[in-house]
file input34.pdb (PDB, C-alpha atoms)
ATOM      1  CA  MET A   1      58.956 230.544 136.496  1.00  0.00           C
ATOM      2  CA  THR A   2      60.342 229.401 139.849  1.00  0.00           C
ATOM      3  CA  GLY A   3      64.027 229.015 140.689  1.00  0.00           C
ATOM      4  CA  THR A   4      63.704 225.252 140.446  1.00  0.00           C
ATOM      5  CA  GLU A   5      62.134 225.469 136.994  1.00  0.00           C
ATOM      6  CA  TRP A   6      64.992 227.687 135.810  1.00  0.00           C
ATOM      7  CA  LEU A   7      67.568 225.243 137.112  1.00  0.00           C
ATOM      8  CA  ASP A   8      65.761 222.383 135.377  1.00  0.00           C
ATOM      9  CA  ARG A   9      66.348 224.216 132.079  1.00  0.00           C
ATOM     10  CA  LEU A  10      70.069 224.241 132.841  1.00  0.00           C
ATOM     11  CA  PHE A  11      70.509 220.695 134.144  1.00  0.00           C
ATOM     12  CA  THR A  12      67.839 218.939 132.045  1.00  0.00           C
ATOM     13  CA  PRO A  13      67.428 221.129 128.965  1.00  0.00           C
ATOM     14  CA  SER A  14      64.897 220.190 126.321  1.00  0.00           C
ATOM     15  CA  SER A  15      67.051 221.751 123.598  1.00  0.00           C
ATOM     16  CA  ILE A  16      70.776 222.374 123.199  1.00  0.00           C
ATOM     17  CA  ALA A  17      72.572 224.400 120.543  1.00  0.00           C
ATOM     18  CA  VAL A  18      76.231 223.521 120.032  1.00  0.00           C
ATOM     19  CA  ILE A  19      77.724 226.680 118.571  1.00  0.00           C
ATOM     20  CA  GLY A  20      80.966 225.871 116.808  1.00  0.00           C
ATOM     21  CA  ALA A  21      79.876 222.307 116.085  1.00  0.00           C
ATOM     22  CA  SER A  22      82.114 220.401 113.716  1.00  0.00           C
ATOM     23  CA  SER A  23      81.982 217.104 111.877  1.00  0.00           C
ATOM     24  CA  TYR A  24      85.529 216.569 113.111  1.00  0.00           C
ATOM     25  CA  ASP A  25      84.822 214.817 116.408  1.00  0.00           C
ATOM     26  CA  LEU A  26      88.194 215.559 118.002  1.00  0.00           C
ATOM     27  CA  ARG A  27      87.631 219.336 118.052  1.00  0.00           C
ATOM     28  CA  GLY A  28      85.741 221.018 120.893  1.00  0.00           C
ATOM     29  CA  GLY A  29      82.366 221.491 119.214  1.00  0.00           C
ATOM     30  CA  GLY A  30      82.523 218.155 117.422  1.00  0.00           C
ATOM     31  CA  LEU A  31      83.504 216.295 120.572  1.00  0.00           C
ATOM     32  CA  LEU A  32      80.659 217.889 122.540  1.00  0.00           C
ATOM     33  CA  LEU A  33      78.075 217.113 119.854  1.00  0.00           C
ATOM     34  CA  LYS A  34      79.318 213.536 119.476  1.00  0.00           C
ATOM     35  CA  GLY A  35      79.020 213.032 123.249  1.00  0.00           C
ATOM     36  CA  LEU A  36      75.431 214.274 123.284  1.00  0.00           C
ATOM     37  CA  ILE A  37      74.518 211.973 120.386  1.00  0.00           C
ATOM     38  CA  LYS A  38      76.384 208.972 121.823  1.00  0.00           C
ATOM     39  CA  ASN A  39      74.726 209.414 125.207  1.00  0.00           C
ATOM     40  CA  LYS A  40      71.311 209.676 123.528  1.00  0.00           C
ATOM     41  CA  PHE A  41      70.321 213.190 124.558  1.00  0.00           C
ATOM     42  CA  LYS A  42      66.546 213.067 124.413  1.00  0.00           C
ATOM     43  CA  GLY A  43      65.896 216.711 123.533  1.00  0.00           C
ATOM     44  CA  LYS A  44      66.473 218.703 120.384  1.00  0.00           C
ATOM     45  CA  LEU A  45      70.068 219.157 119.226  1.00  0.00           C
ATOM     46  CA  TYR A  46      71.006 222.098 117.061  1.00  0.00           C
ATOM     47  CA  PRO A  47      74.539 222.163 115.627  1.00  0.00           C
ATOM     48  CA  VAL A  48      75.546 225.690 114.644  1.00  0.00           C
ATOM     49  CA  ASN A  49      78.251 226.221 112.023  1.00  0.00           C
ATOM     50  CA  PRO A  50      78.004 228.749 109.172  1.00  0.00           C
ATOM     51  CA  ASN A  51      80.124 226.542 106.895  1.00  0.00           C
ATOM     52  CA  GLN A  52      78.235 223.242 107.115  1.00  0.00           C
ATOM     53  CA  SER A  53      74.592 222.436 106.381  1.00  0.00           C
ATOM     54  CA  GLU A  54      74.710 219.034 108.106  1.00  0.00           C
ATOM     55  CA  ILE A  55      76.854 217.719 110.945  1.00  0.00           C
ATOM     56  CA  MET A  56      76.763 214.138 112.237  1.00  0.00           C
ATOM     57  CA  GLY A  57      73.436 213.548 110.529  1.00  0.00           C
ATOM     58  CA  LEU A  58      71.785 216.650 112.007  1.00  0.00           C
ATOM     59  CA  ARG A  59      70.792 219.808 110.167  1.00  0.00           C
ATOM     60  CA  SER A  60      73.253 222.576 110.977  1.00  0.00           C
ATOM     61  CA  TYR A  61      72.295 226.231 111.257  1.00  0.00           C
ATOM     62  CA  PRO A  62      74.488 229.175 110.217  1.00  0.00           C
ATOM     63  CA  SER A  63      73.664 231.100 113.417  1.00  0.00           C
ATOM     64  CA  ILE A  64      71.736 230.539 116.626  1.00  0.00           C
ATOM     65  CA  LEU A  65      69.333 233.171 115.325  1.00  0.00           C
ATOM     66  CA  ASP A  66      68.368 230.782 112.502  1.00  0.00           C
ATOM     67  CA  ILE A  67      67.197 228.009 114.840  1.00  0.00           C
ATOM     68  CA  PRO A  68      63.411 227.650 114.948  1.00  0.00           C
ATOM     69  CA  GLY A  69      61.881 227.561 118.411  1.00  0.00           C
ATOM     70  CA  GLU A  70      63.376 227.935 121.861  1.00  0.00           C
ATOM     71  CA  VAL A  71      66.863 226.974 122.965  1.00  0.00           C
ATOM     72  CA  ASP A  72      67.331 226.178 126.660  1.00  0.00           C
ATOM     73  CA  LEU A  73      71.114 225.796 126.625  1.00  0.00           C
ATOM     74  CA  ALA A  74      73.830 226.985 124.255  1.00  0.00           C
ATOM     75  CA  VAL A  75      77.253 225.393 124.432  1.00  0.00           C
ATOM     76  CA  VAL A  76      79.636 227.902 122.896  1.00  0.00           C
ATOM     77  CA  ALA A  77      82.744 226.276 121.404  1.00  0.00           C
ATOM     78  CA  VAL A  78      84.239 229.083 119.332  1.00  0.00           C
ATOM     79  CA  SER A  79      87.446 231.084 119.564  1.00  0.00           C
ATOM     80  CA  ALA A  80      87.674 233.614 122.396  1.00  0.00           C
ATOM     81  CA  ARG A  81      87.473 236.561 120.013  1.00  0.00           C
ATOM     82  CA  ASN A  82      84.060 235.370 118.742  1.00  0.00           C
ATOM     83  CA  VAL A  83      82.523 234.615 122.144  1.00  0.00           C
ATOM     84  CA  PRO A  84      81.140 238.138 122.845  1.00  0.00           C
ATOM     85  CA  GLN A  85      79.280 238.244 119.513  1.00  0.00           C
ATOM     86  CA  VAL A  86      77.890 234.725 120.001  1.00  0.00           C
ATOM     87  CA  ILE A  87      76.726 235.495 123.550  1.00  0.00           C
ATOM     88  CA  ALA A  88      75.013 238.653 122.254  1.00  0.00           C
ATOM     89  CA  GLN A  89      73.204 236.520 119.649  1.00  0.00           C
ATOM     90  CA  CYS A  90      72.201 234.024 122.353  1.00  0.00           C
ATOM     91  CA  SER A  91      70.714 236.889 124.359  1.00  0.00           C
ATOM     92  CA  GLN A  92      68.879 238.166 121.284  1.00  0.00           C
ATOM     93  CA  LYS A  93      67.504 234.656 120.674  1.00  0.00           C
ATOM     94  CA  GLY A  94      66.333 234.355 124.291  1.00  0.00           C
ATOM     95  CA  VAL A  95      68.586 231.417 125.173  1.00  0.00           C
ATOM     96  CA  LYS A  96      68.152 230.611 128.862  1.00  0.00           C
ATOM     97  CA  PHE A  97      71.727 229.476 129.653  1.00  0.00           C
ATOM     98  CA  ALA A  98      75.115 229.355 127.942  1.00  0.00           C
ATOM     99  CA  ILE A  99      78.252 227.410 128.734  1.00  0.00           C
ATOM    100  CA  VAL A 100      81.443 228.744 127.166  1.00  0.00           C
ATOM    101  CA  HIS A 101      83.942 226.049 126.181  1.00  0.00           C
ATOM    102  CA  SER A 102      86.769 228.079 124.712  1.00  0.00           C
ATOM    103  CA  VAL A 103      90.410 229.026 125.147  1.00  0.00           C
ATOM    104  CA  GLY A 104      92.315 232.204 124.545  1.00  0.00           C
ATOM    105  CA  PHE A 105      91.137 234.345 127.439  1.00  0.00           C
ATOM    106  CA  SER A 106      94.679 234.522 128.848  1.00  0.00           C
ATOM    107  CA  GLU A 107      93.936 231.651 131.179  1.00  0.00           C
TER     108      GLU A 107
END
call {"tool": "encode", "arguments": {"input": "input34.pdb", "output": "structure tokens"}}
result
Amino acid sequence: MTGTEWLDRLFTPSSIAVIGASSYDLRGGGLLLKGLIKNKFKGKLYPVNPNQSEIMGLRSYPSILDIPGEVDLAVVAVSARNVPQVIAQCSQKGVKFAIVHSVGFSE
């Protein structure tokens, strides 16, 4: 895969997992998911939340490892203490890129 093809996966992903997705659309993961839906993201959307089976009309997965198929981009919206574990799972899954949207890193 060329450098351009890799960057295409980041800037025009065919699938996005929102880890920490929530049906409450004013929280980080819920706000991100709502924005993707509202702006008609054309790829596959995978909400990830171990406590909900459906979020905003989409099937939710307990972990990124439970998602069938490839994930180009993971948006990680979990607490800072959970980020290392989630990133390790993304690596195990073969996720191409991850964006961390979190607080608590002693900004």
call {"tool": "residues_around", "arguments": {"input": "input34.pdb", "residues": "range 66-68 of chain A", "least_positions_apart": "4", "cutoff": "8 Å", "atoms": "all atoms listed in the file", "output": "PyMOL selection string"}}
result
chain A and resi 46+61-62
call {"tool": "atom_distance", "arguments": {"input": "input34.pdb", "atom1": "CA of Ser53 in chain A", "atom2": "CA of His101 in chain A"}}
result
22.2 Å
call {"tool": "closest_residue", "arguments": {"input": "input34.pdb", "among": "A:Phe11, A:Leu58, A:Thr4, A:Arg81", "to": "Ala98 in chain A", "atoms": "all atoms listed in the file"}}
result
A:Phe11
call {"tool": "residues_around", "arguments": {"input": "input34.pdb", "residues": "Gly94 in chain A", "least_positions_apart": "5", "cutoff": "10 Å", "atoms": "all atoms listed in the file", "output": "ChimeraX atom specification"}}
result
/A:65,70-72,88-89
call {"tool": "atom_distance", "arguments": {"input": "input34.pdb", "atom1": "CA of Leu31 in chain A", "atom2": "CA of Glu54 in chain A"}}
result
15.5 Å
call {"tool": "resolve_selection", "arguments": {"input": "input34.pdb", "expression": "the PyMOL selection byres ((chain A and resi 9) around 12)", "output": "VMD selection string"}}
result
chain A and resid 1 to 8 10 to 16 43 70 to 74 95 to 98
call {"tool": "atom_distance", "arguments": {"input": "input34.pdb", "atom1": "CA of Arg59 in chain A", "atom2": "CA of Pro47 in chain A"}}
result
7.0 Å
call {"tool": "axis_aligned_box", "arguments": {"input": "input34.pdb", "around": "range 7-12 of chain A", "padding_each_side": "3 Å", "output": "JSON"}}
result
{"center_x": 68.1, "center_y": 222.1, "center_z": 134.6, "size_x": 10.7, "size_y": 12.3, "size_z": 11.1}
call {"tool": "closest_residue", "arguments": {"input": "input34.pdb", "among": "A:Gly28, A:Leu33, A:Gly20, A:Ala77", "to": "Pro50 in chain A", "atoms": "only C-alpha atoms"}}
result
A:Gly20
call {"tool": "closest_residue", "arguments": {"input": "input34.pdb", "among": "A:Gly69, A:Gln52, A:Tyr24, A:Ser63", "to": "Ile87 in chain A", "atoms": "only C-alpha atoms"}}
result
A:Ser63
call {"tool": "closest_residue", "arguments": {"input": "input34.pdb", "among": "A:Lys38, A:Arg27, A:Leu32, A:Asn49", "to": "Val75 in chain A", "atoms": "all atoms listed in the file"}}
result
A:Leu32
call {"tool": "closest_residue", "arguments": {"input": "input34.pdb", "among": "A:Lys44, A:Leu36, A:Ile19, A:Asn51", "to": "Val83 in chain A", "atoms": "only C-alpha atoms"}}
result
A:Ile19
call {"tool": "closest_residue", "arguments": {"input": "input34.pdb", "among": "A:Ser102, A:Ser22, A:Asn39, A:Ser79", "to": "Ile55 in chain A", "atoms": "only C-alpha atoms"}}
result
A:Ser22
